[in-house]
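Novice: You'll find protein_24.cif just under this line, and it carries mmCIF, C-alpha atoms.
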```cif
data_work
loop_
_atom_site.label_atom_id
_atom_site.label_comp_id
_atom_site.auth_asym_id
_atom_site.auth_seq_id
_atom_site.Cartn_x
_atom_site.Cartn_y
_atom_site.Cartn_z
CA MET A 8 12.96 0.07 20.88
CA LEU A 9 13.15 -3.65 20.26
CA GLU A 10 15.65 -4.86 17.69
CA TYR A 11 14.37 -5.87 14.27
CA PRO A 12 14.70 -9.66 13.70
CA LYS A 13 18.24 -10.22 12.43
CA ASN A 14 17.79 -13.46 10.52
CA ARG A 15 14.50 -12.73 8.78
CA HIS A 16 16.23 -12.07 5.46
CA LYS A 17 17.63 -15.62 5.54
CA VAL A 18 14.15 -17.20 5.51
CA SER A 19 13.21 -17.99 1.92
CA HIS A 20 9.84 -16.55 0.87
CA PHE A 21 9.17 -15.24 4.39
CA ALA A 22 6.38 -12.84 3.43
CA HIS A 23 4.55 -15.48 1.38
CA LYS A 24 4.93 -18.08 4.13
CA TYR A 25 3.67 -15.58 6.69
CA VAL A 26 0.54 -14.81 4.68
CA ARG A 27 -0.12 -18.53 4.13
CA LEU A 28 0.25 -19.08 7.86
CA ILE A 29 -2.30 -16.44 8.86
CA ALA A 30 -4.62 -17.82 6.17
CA LYS A 31 -4.26 -21.39 7.43
CA LEU A 32 -4.94 -20.29 11.01
CA CYS A 33 -7.95 -18.16 9.97
CA VAL A 34 -6.46 -15.20 11.79
CA ALA A 35 -9.03 -12.88 10.22
CA GLN A 36 -11.71 -14.63 12.29
CA ASP A 37 -9.93 -13.49 15.46
CA ILE A 38 -8.61 -10.02 14.66
CA GLY A 39 -10.80 -8.92 11.74
CA GLN A 40 -10.28 -8.26 8.06
CA ALA A 41 -8.75 -4.80 8.46
CA ALA A 42 -6.07 -6.05 10.86
CA THR A 43 -5.30 -9.01 8.57
CA LEU A 44 -4.92 -6.67 5.59
CA LEU A 45 -2.52 -4.56 7.66
CA LEU A 46 -0.42 -7.65 8.46
CA THR A 47 -0.32 -8.67 4.79
CA PHE A 48 0.72 -5.19 3.74
CA VAL A 49 3.47 -4.86 6.37
CA ALA A 50 4.89 -8.33 5.60
CA HIS A 51 5.27 -7.60 1.90
CA ILE A 52 6.68 -4.11 2.42
CA GLU A 53 9.29 -5.72 4.67
CA ASP A 54 10.02 -8.01 1.74
CA SER A 55 10.43 -5.05 -0.63
CA CYS A 56 13.01 -3.60 1.80
CA TYR A 57 14.81 -6.98 1.87
CA TYR A 58 14.12 -7.34 5.62
CA ARG A 59 16.79 -4.79 6.55
CA LYS A 60 14.81 -2.64 9.00
CA PRO A 61 11.31 -1.93 10.33
CA VAL A 62 8.62 -0.57 8.04
CA ARG A 63 7.95 3.08 8.90
CA TYR A 64 4.65 4.80 8.16
CA TRP A 65 2.60 7.72 9.38
CA ASN A 66 -1.01 7.05 10.37
CA GLU A 67 -2.41 9.07 7.46
CA GLN A 68 -0.35 7.08 4.99
CA LEU A 69 -1.72 3.77 6.24
CA ILE A 70 -5.29 5.07 6.32
CA ASN A 71 -5.04 5.96 2.63
CA ILE A 72 -3.16 2.85 1.56
CA LEU A 73 -5.47 0.43 3.38
CA GLY A 74 -8.65 2.24 2.33
CA MET A 75 -9.74 2.97 5.89
CA LYS A 76 -12.19 5.70 6.82
CA ASN A 77 -10.46 7.30 9.77
CA ARG A 78 -7.73 6.98 12.39
CA ARG A 79 -10.03 5.20 14.82
CA GLN A 80 -10.45 2.29 12.40
CA LEU A 81 -6.67 2.08 11.96
CA ASN A 82 -6.08 2.17 15.72
CA GLN A 83 -8.57 -0.64 16.32
CA ALA A 84 -7.12 -2.85 13.58
CA ARG A 85 -3.54 -2.22 14.66
CA GLN A 86 -4.25 -2.87 18.34
CA ALA A 87 -6.06 -6.11 17.53
CA ALA A 88 -3.03 -7.35 15.58
CA VAL A 89 -0.63 -6.32 18.34
CA ASP A 90 -2.72 -7.85 21.13
CA ALA A 91 -2.92 -11.15 19.25
CA GLY A 92 0.87 -11.25 18.89
CA TRP A 93 0.98 -10.88 15.08
CA LEU A 94 2.40 -7.36 14.85
CA HIS A 95 5.07 -5.27 16.53
CA TYR A 96 4.35 -1.52 16.55
CA GLU A 97 6.00 1.35 18.33
CA ARG A 98 6.85 5.02 18.01
CA ASP A 99 8.93 7.34 20.14
CA SER A 100 6.29 10.05 20.60
CA LYS A 101 3.00 11.30 19.21
CA ARG A 102 4.88 13.36 16.63
CA SER A 103 7.17 10.57 15.44
CA VAL A 104 6.63 8.02 12.69
CA GLY A 105 5.37 4.53 13.55
CA MET A 106 7.62 1.49 13.12
CA TYR A 107 6.19 -1.92 12.20
CA TRP A 108 7.16 -5.50 11.58
CA VAL A 109 5.11 -8.67 11.62
CA THR A 110 5.58 -11.29 14.32
CA ILE A 111 4.51 -14.87 14.91
CA PRO A 112 3.14 -15.86 18.33
CA PRO A 113 5.39 -18.49 19.99
CA GLU A 114 2.67 -21.13 19.97
CA PHE A 115 2.61 -21.07 16.15
CA ASP A 116 6.36 -21.09 15.51
CA ASP A 117 6.52 -24.79 14.71
CA ILE A 118 3.58 -24.97 12.28
CA SER A 119 4.65 -26.35 8.91
CA ASP A 120 4.11 -24.63 5.57
CA PRO A 121 2.42 -27.22 3.33
CA ILE A 122 1.20 -26.65 -0.19
CA LEU A 123 -2.36 -25.40 0.00
CA GLY A 124 -4.97 -26.87 -2.29
CA GLU A 125 -8.12 -28.94 -2.42
CA ASN A 126 -6.15 -32.04 -1.40
CA GLY A 127 -3.68 -30.25 0.85
CA GLN A 128 -3.83 -29.05 4.41
CA GLY A 129 -5.59 -25.74 4.58
CA CYS A 130 -7.70 -26.20 1.42
CA LEU A 131 -7.42 -22.55 0.47
CA ILE A 132 -5.80 -22.31 -2.98
CA ASP A 133 -4.82 -24.59 -5.82
CA ILE A 134 -1.35 -26.06 -6.17
CA ASP A 135 0.78 -23.98 -8.50
CA ASP A 136 0.39 -24.84 -12.19
CA SER A 137 4.14 -25.36 -12.46
CA CYS A 138 3.63 -28.60 -10.55
CA SER A 139 1.98 -30.46 -13.42
CA ALA A 140 0.09 -33.71 -13.29
CA ASP A 141 2.84 -35.43 -15.30
CA ASP A 142 5.42 -34.45 -12.67
CA THR A 143 3.26 -35.84 -9.91
CA ARG A 144 2.55 -39.11 -11.73
CA SER A 145 6.20 -39.67 -12.63
CA ASP A 146 7.34 -39.05 -9.07
CA THR A 147 4.61 -41.33 -7.75
CA ARG A 148 5.72 -44.17 -10.05
CA SER A 149 9.39 -43.73 -9.16
CA ASP A 150 8.59 -43.86 -5.47
CA THR A 151 6.12 -46.74 -5.32
CA ARG A 152 8.47 -48.42 -2.90
CA SER A 153 7.62 -45.74 -0.34
CA ASP A 154 3.97 -46.50 0.38
CA THR A 155 4.06 -44.45 3.55
CA ARG A 156 4.30 -41.14 1.70
CA SER A 157 1.06 -39.32 0.96
CA VAL A 158 0.10 -37.93 -2.45
CA HIS A 159 0.45 -34.47 -0.92
CA GLU A 160 4.09 -35.15 0.01
CA VAL A 161 4.87 -36.51 -3.46
CA SER A 162 3.30 -33.43 -5.08
CA GLN A 163 5.28 -31.14 -2.80
CA GLU A 164 8.53 -32.90 -3.69
CA ALA A 165 7.77 -32.64 -7.42
CA TYR A 166 7.10 -28.94 -7.05
CA MET A 167 10.35 -28.42 -5.15
CA LYS A 168 12.31 -30.16 -7.91
CA ARG A 169 10.90 -27.70 -10.42
CA THR A 170 11.87 -24.73 -8.25
CA GLN A 171 15.06 -25.97 -6.60
CA SER A 172 17.11 -23.24 -8.28
CA VAL A 173 15.09 -20.53 -6.51
CA THR A 174 16.68 -19.66 -3.16
CA LEU A 175 15.28 -16.24 -2.37
CA SER A 176 11.84 -14.64 -2.79
CA ASN A 177 13.39 -11.23 -3.36
CA PRO A 178 16.83 -11.34 -5.02
CA ILE A 179 18.26 -7.83 -4.79
CA PRO A 180 18.08 -6.24 -8.24
CA ASP A 181 20.64 -3.92 -9.72
CA PRO A 182 20.00 -0.65 -7.90
CA ILE A 183 19.03 2.49 -9.80
CA PRO A 184 22.12 4.74 -9.77
CA ASP A 185 22.23 7.52 -7.17
CA THR A 186 19.22 6.23 -5.23
CA PRO A 187 19.20 7.68 -1.69
CA ALA A 188 18.58 5.16 1.08
CA PHE A 189 15.46 6.89 2.40
CA LEU A 190 13.58 6.19 -0.83
CA ALA A 191 13.53 2.50 0.06
CA GLU A 192 10.48 3.37 2.17
CA VAL A 193 8.66 5.31 -0.57
CA LEU A 194 6.52 3.29 -2.98
CA ILE A 195 7.30 4.56 -6.46
CA PRO A 196 4.52 3.37 -8.80
CA ASP A 197 5.26 1.24 -11.83
CA GLY A 198 4.78 2.61 -15.31
CA ILE A 199 6.76 5.83 -14.80
CA ASP A 200 10.38 6.86 -15.31
CA LYS A 201 11.69 5.74 -11.92
CA GLN A 202 15.15 7.24 -12.41
CA ARG A 203 13.66 10.66 -13.07
CA ALA A 204 11.15 10.20 -10.25
CA ILE A 205 13.96 9.47 -7.79
CA THR A 206 15.82 12.57 -8.95
CA VAL A 207 12.75 14.77 -8.37
CA LEU A 208 12.00 13.28 -4.93
CA ARG A 209 15.59 13.62 -3.80
CA LEU A 210 15.69 17.22 -5.05
CA TRP A 211 12.59 18.12 -3.03
CA PHE A 212 13.76 16.35 0.13
CA GLU A 213 17.17 18.03 0.04
CA TYR A 214 15.46 21.39 -0.54
CA LEU A 215 13.30 20.90 2.58
CA GLU A 216 16.33 19.94 4.67
CA ALA A 217 18.25 23.02 3.50
CA LYS A 218 15.29 25.38 3.95
CA HIS A 219 14.53 24.23 7.52
CA PRO A 220 17.74 22.73 8.94
CA ALA A 221 16.41 22.87 12.50
CA LYS A 222 13.47 20.63 11.68
CA ALA A 223 14.00 16.88 11.80
CA TRP A 224 12.64 15.87 8.38
CA GLU A 225 11.79 12.18 8.35
CA PRO A 226 13.07 10.18 5.33
CA ASN A 227 9.55 8.92 4.58
CA ASP A 228 7.81 12.27 4.99
CA PRO A 229 4.21 11.95 3.68
CA GLN A 230 4.95 14.61 1.08
CA LEU A 231 7.31 12.20 -0.73
CA GLN A 232 4.70 9.47 -1.00
CA ALA A 233 2.09 12.00 -2.11
CA LEU A 234 4.42 13.25 -4.85
CA ALA A 235 5.06 9.68 -6.00
CA LEU A 236 1.30 9.10 -6.35
CA GLN A 237 0.93 12.36 -8.25
CA MET A 238 3.60 11.14 -10.69
CA ARG A 239 1.47 8.12 -11.53
CA ARG A 240 -1.63 10.27 -11.96
CA ASP A 241 -0.25 13.35 -13.75
CA GLY A 242 3.17 12.25 -15.02
CA VAL A 243 6.71 12.82 -13.75
CA GLU A 244 7.18 15.91 -15.94
CA ALA A 245 4.18 17.70 -14.40
CA VAL A 246 5.30 16.97 -10.83
CA GLU A 247 8.86 18.03 -11.66
CA ALA A 248 7.55 21.37 -12.91
CA ARG A 249 5.54 21.83 -9.70
CA VAL A 250 8.58 21.04 -7.54
CA LEU A 251 10.77 23.53 -9.42
CA HIS A 252 8.03 26.18 -9.15
CA ALA A 253 7.71 25.59 -5.39
CA MET A 254 11.48 25.83 -4.91
CA THR A 255 11.73 28.99 -7.00
CA ASN A 256 9.02 30.64 -4.90
CA SER A 257 10.37 29.32 -1.55
CA LYS A 258 7.26 27.25 -0.87
CA GLN A 259 7.13 24.45 1.67
CA LYS A 260 4.50 22.42 -0.17
CA VAL A 261 4.18 21.33 -3.78
CA ALA A 262 0.94 22.48 -5.41
CA ARG A 263 -0.51 22.56 -8.89
CA LEU A 264 0.73 25.33 -11.14
CA PRO A 265 -1.56 28.34 -11.72
CA GLU A 266 -2.16 27.32 -15.31
CA GLU A 267 -3.22 23.85 -14.18
CA HIS A 268 -6.01 25.18 -11.97
CA ALA A 269 -7.92 26.49 -14.97
CA GLY A 270 -8.41 23.04 -16.45
CA ALA A 271 -7.66 21.02 -13.32
CA ASN A 272 -6.70 18.16 -15.63
CA VAL A 273 -10.39 17.32 -16.04
CA SER A 274 -11.88 16.67 -19.47
CA ARG A 275 -15.36 18.15 -19.60
CA ARG A 276 -17.15 15.88 -22.03
CA ALA A 277 -20.87 16.32 -22.55
CA THR A 278 -21.55 12.78 -21.41
CA GLU A 279 -19.99 13.41 -17.96
CA ASN A 280 -21.83 14.69 -14.93
CA PRO A 281 -20.85 18.36 -14.42
CA GLU A 282 -21.42 18.05 -10.66
CA TRP A 283 -18.90 15.19 -10.50
CA LEU A 284 -16.40 17.20 -12.55
CA ASP A 285 -16.68 20.03 -10.02
CA VAL A 286 -16.11 17.58 -7.15
CA LEU A 287 -13.11 16.07 -8.93
CA GLN A 288 -11.61 19.47 -9.66
CA VAL A 289 -12.07 20.82 -6.12
CA CYS A 290 -10.74 17.66 -4.46
CA ARG A 291 -7.65 17.71 -6.67
CA GLN A 292 -7.13 21.40 -6.05
CA TYR A 293 -7.59 21.07 -2.26
CA PRO A 294 -6.59 17.44 -1.48
CA SER A 295 -5.24 17.60 2.06
CA GLN A 296 -6.95 16.99 5.40
CA GLY A 297 -5.79 20.37 6.67
CA ARG A 298 -8.30 22.91 7.95
CA GLY A 299 -7.69 25.28 5.05
CA ASP A 300 -8.38 22.72 2.32
CA MET A 301 -11.39 21.36 4.19
CA ASP A 302 -12.92 24.83 4.41
CA GLN A 303 -12.29 25.43 0.72
CA ARG A 304 -14.03 22.18 -0.22
CA ARG A 305 -17.07 23.06 1.90
CA GLN A 306 -17.32 26.53 0.39
CA ARG A 307 -16.92 25.48 -3.23
CA LEU A 308 -19.17 22.41 -3.29
CA PRO A 309 -22.92 22.04 -2.64
CA ARG A 310 -23.61 20.38 0.68
CA ASP A 311 -25.05 17.16 -0.75
CA CYS A 312 -22.24 16.82 -3.32
CA TYR A 313 -19.64 17.32 -0.58
CA LYS A 314 -21.30 14.74 1.71
CA ALA A 315 -21.25 12.20 -1.13
CA ALA A 316 -17.56 12.93 -1.71
CA LEU A 317 -16.86 12.32 1.99
CA LYS A 318 -18.52 8.91 1.77
CA ILE A 319 -16.29 7.94 -1.16
CA GLY A 320 -13.18 9.51 0.36
CA VAL A 321 -11.76 12.89 -0.59
CA THR A 322 -8.21 11.52 -0.67
CA ARG A 323 -9.24 8.69 -3.00
CA ILE A 324 -10.87 11.18 -5.35
CA ALA A 325 -7.92 13.58 -5.27
CA ASN A 326 -5.32 10.87 -6.03
CA ALA A 327 -7.38 8.89 -8.55
CA SER A 328 -6.00 8.29 -12.01
CA GLU A 329 -8.23 9.05 -14.99
CA TYR A 330 -9.11 5.35 -15.15
CA ASP A 331 -9.96 5.11 -11.43
CA ALA A 332 -11.91 8.38 -11.57
CA LYS A 333 -14.48 6.78 -13.87
CA SER A 334 -15.20 4.08 -11.31
CA LEU A 335 -15.31 6.58 -8.45
CA SER A 336 -17.74 8.77 -10.41
CA LEU A 337 -20.27 5.93 -10.41
CA GLN A 338 -19.84 5.37 -6.66
CA TRP A 339 -20.21 9.09 -6.03
CA ALA A 340 -23.35 9.35 -8.17
CA ASN A 341 -24.92 6.44 -6.28
CA ALA A 342 -24.06 8.01 -2.90
CA LEU A 343 -25.43 11.37 -4.06
CA GLN A 344 -28.71 9.78 -5.17
CA ARG A 345 -29.15 8.04 -1.81
CA ILE A 346 -28.53 11.33 0.02
CA ARG A 347 -31.02 13.25 -2.11
CA GLU A 348 -33.64 10.54 -1.66
CA GLY A 349 -33.18 10.67 2.10
CA ILE A 350 -31.97 7.07 2.27
CA ASP A 351 -28.50 7.91 3.57
CA ASN A 352 -28.38 11.20 5.42
CA ASP A 353 -26.30 10.32 8.45
#
```
Could you render the structure as structure tokens?
Specialist:
Amino acid sequence: MLEYPKNRHKVSHFAHKYVRLIAKLCVAQDIGQAATLLLTFVAHIEDSCYYRKPVRYWNEQLINILGMKNRRQLNQARQAAVDAGWLHYERDSKRSVGMYWVTIPPEFDDISDPILGENGQGCLIDIDDSCSADDTRSDTRSDTRSDTRSVHEVSQEAYMKRTQSVTLSNPIPDPIPDTPAFLAEVLIPDGIDKQRAITVLRLWFEYLEAKHPAKAWEPNDPQLQALALQMRRDGVEAVEARVLHAMTNSKQKVARLPEEHAGANVSRRATENPEWLDVLQVCRQYPSQGRGDMDQRRQRLPRDCYKAALKIGVTRIANASEYDAKSLSLQWANALQRIREGIDND
């Protein structure tokens, strides 16, 4: 395995500069939008880990996070980024987790990072509002003796004066007490009690390690990320109850409680499509890509309803919040109509 770049954490705003660089070079034209989205995601997750180590993800995690349809699409996007020299990817074996970090091809190492705007190089976004017109005019007047400097350079200097106290893009915040190191690779959603979420995730991980000591449990096991997403959707308290129930009954997976299956956390209002409510309930009850859950979904849903759910994405439906579910219901209804009209029956 190659060594992760040692000095990356010393580069101020590295992730932002990296994204501006691939935008300036129109990298998406060469490697495609999916590969460019993967690069953007990896760069900013490196930033969230303070550039300490490679980003580690399973294929299924990235497929869900990036909104891809299948593993083939991920493989194509990832290989395009690697072949172009913008991404480093490796894993020890087919059963091990993938390790990622973004790279810059040698021929682009010396490209500058100018402010992008309608008058700047790149012409992609506007100069930050914090660099006001008054700042630019005052700096231009004070430097009239330097006629060789461009307006772009003067604007950049004015902006730097306003932000000269900022030295790092990701100052390390005060850590949440008793946070295990492996949770640095799990994205805990905002808007929930993160201290309690960490306690629940650590409890489940330690239970798995104790129950199967011979198995090499990876710190970023997909179950942990799935539980974190469930906390955003259903609340930390509900997931905590499921974890305790699974531990009490010596289960290896966390599932909804028996009393939850009856309602499936779905409000059946008269204005909602009952077919969609059935799809939502079944997908939440059987969310995985395992053979058992797939068979259950096929048996419990009409063929056309199930095909429409596949087009939207079963995982997206299963993990959707109540707010997101409303948007997905419209997409599903449109897909179902096209299938029933014979427009989209592939």
Novice: Could you make a table, as a Markdown table, of the residues of region 227-331 of chain A that have an atom within 10 Å of an atom of region 208-219 of chain A, each with its nearest atom pair and distance in Å to one decimal, counting all atoms listed in the file, in chain and number order?
Specialist:
```
| residue | atom | partner | partner_atom | distance |
| --- | --- | --- | --- | --- |
| A:Asn227 | CA | A:Phe212 | CA | 9.6 |
| A:Asp228 | CA | A:Phe212 | CA | 8.7 |
| A:Gln230 | CA | A:Phe212 | CA | 9.0 |
| A:Leu231 | CA | A:Leu208 | CA | 6.4 |
| A:Gln232 | CA | A:Leu208 | CA | 9.1 |
| A:Leu234 | CA | A:Leu208 | CA | 7.6 |
| A:Ala235 | CA | A:Leu208 | CA | 7.9 |
| A:Val246 | CA | A:Leu208 | CA | 9.7 |
| A:Glu247 | CA | A:Leu208 | CA | 8.8 |
| A:Val250 | CA | A:Trp211 | CA | 6.7 |
| A:Leu251 | CA | A:Trp211 | CA | 8.6 |
| A:Ala253 | CA | A:Trp211 | CA | 9.2 |
| A:Met254 | CA | A:Tyr214 | CA | 7.4 |
| A:Ser257 | CA | A:Lys218 | CA | 8.4 |
| A:Lys258 | CA | A:Leu215 | CA | 9.4 |
| A:Gln259 | CA | A:Leu215 | CA | 7.2 |
| A:Lys260 | CA | A:Leu215 | CA | 9.3 |
| A:Val261 | CA | A:Trp211 | CA | 9.0 |
```
Novice: Which neighbours of Leu94 (chain A) fall inside 9 Å, counting only C-alpha atoms, when residues of the same chain fewer than 4 positions from it are skipped, and could you give them as a compact mmCIF listing (two decimals) with C-alpha atoms, in the frame of the given file?
Specialist:
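Writing done, so here's out_25.txt:
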```
# COMPACT_ATOMS: atom_id res chain seq x y z
CA LEU A 46 -0.42 -7.65 8.46
CA VAL A 49 3.47 -4.86 6.37
CA ARG A 85 -3.54 -2.22 14.66
CA GLN A 86 -4.25 -2.87 18.34
CA ALA A 87 -6.06 -6.11 17.53
CA ALA A 88 -3.03 -7.35 15.58
CA VAL A 89 -0.63 -6.32 18.34
CA ASP A 90 -2.72 -7.85 21.13
CA TYR A 107 6.19 -1.92 12.20
CA TRP A 108 7.16 -5.50 11.58
CA VAL A 109 5.11 -8.67 11.62
CA THR A 110 5.58 -11.29 14.32
CA ILE A 111 4.51 -14.87 14.91
```
Novice: In Å to one decimal, how far is CA of Glu67 (chain A) from CA of Ala41 (chain A)?
Specialist: 15.3 Å
Novice: Tell me which residues the PyMOL selection byres ((chain A and resi 294) around 9) grabs here, as an MDAnalysis selection string.
Specialist: chainID A and resid 289:293 295:297 300:301 304 321:322 324:326
Novice: What does the distance from CA of Leu81 (chain A) to CA of Val62 (chain A) come to in Å, to one decimal?
Specialist: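 Distance between the two atoms: 16.0 Å.
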Novice: In Å, with one decimal, what is the gap from CA of Ala245 (chain A) to CA of Leu264 (chain A)?
Specialist: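 About the pair CA of Ala245 (chain A) and CA of Leu264 (chain A): they are 9.0 Å apart.
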Novice: Neighbouring residues of Pro309 (chain A) were defined as those with any atom within 10 Å, considering only C-alpha atoms; residues of the same chain fewer than 5 positions away were excluded. Please report them as a PyMOL selection string.
Specialist: chain A and resi 282+285-286+304+314
Novice: Can you list, as a list in words, every protein, DNA or RNA residue that comes within 9 Å of Ala91 (chain A) when you count all atoms listed in the file, leaving out same-chain residues fewer than 5 positions away?
Specialist: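 Neighbouring residues, sequence-local ones excluded: Asp37, Ile38, Gln86 and Pro112 of chain A.
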Novice: Using all atoms listed in the file, which of A:Gly198, A:Pro113, A:Gly105, A:Gly74 sits nearest Ile319 (chain A)?
Specialist: A:Gly74
Novice: Could you list as a tab-separated table (two decimals) with C-alpha atoms, in the frame of the given file every residue that has an atom within 8 Å of (-1.6, -13.0, 9.6), using the file's coordinates and counting only C-alpha atoms?
Specialist:
```tsv
chain	number	residue	atom	x	y	z
A	25	TYR	CA	3.67	-15.58	6.69
A	26	VAL	CA	0.54	-14.81	4.68
A	27	ARG	CA	-0.12	-18.53	4.13
A	28	LEU	CA	0.25	-19.08	7.86
A	29	ILE	CA	-2.30	-16.44	8.86
A	30	ALA	CA	-4.62	-17.82	6.17
A	34	VAL	CA	-6.46	-15.20	11.79
A	35	ALA	CA	-9.03	-12.88	10.22
A	43	THR	CA	-5.30	-9.01	8.57
A	46	LEU	CA	-0.42	-7.65	8.46
A	47	THR	CA	-0.32	-8.67	4.79
A	93	TRP	CA	0.98	-10.88	15.08
```
Novice: Check the smallest atom-to-atom distance from each of A:Lys24, A:Phe115, A:His16, A:Arg78 to Ser55 (chain A) using all atoms listed in the file, then report the winner.
Specialist: A:His16
Novice: Where does the PyMOL selection byres ((chain A and resi 10) around 12) land in this file, that is, which residues does it pick, as a PyMOL selection string?
Specialist: chain A and resi 8-9+11-15+59-61+95-97+106-108
Novice: Go through A:Arg102, A:Arg249, A:Arg307, A:His51 one by one, measure the shortest atom-to-atom distance of each to His23 (chain A) using only C-alpha atoms, and give the residue with the smallest value.
Specialist: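 Between A:Arg102, A:Arg249, A:Arg307, A:His51, the residue approaching His23 (chain A) most closely is A:His51.
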Novice: Could you check which of A:Lys76, A:Lys17, A:Arg98, A:Arg239 is closest to Arg323 (chain A), using only C-alpha atoms?
Specialist: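 Of A:Lys76, A:Lys17, A:Arg98, A:Arg239, the one nearest Arg323 (chain A) is A:Lys76, counting only C-alpha atoms.
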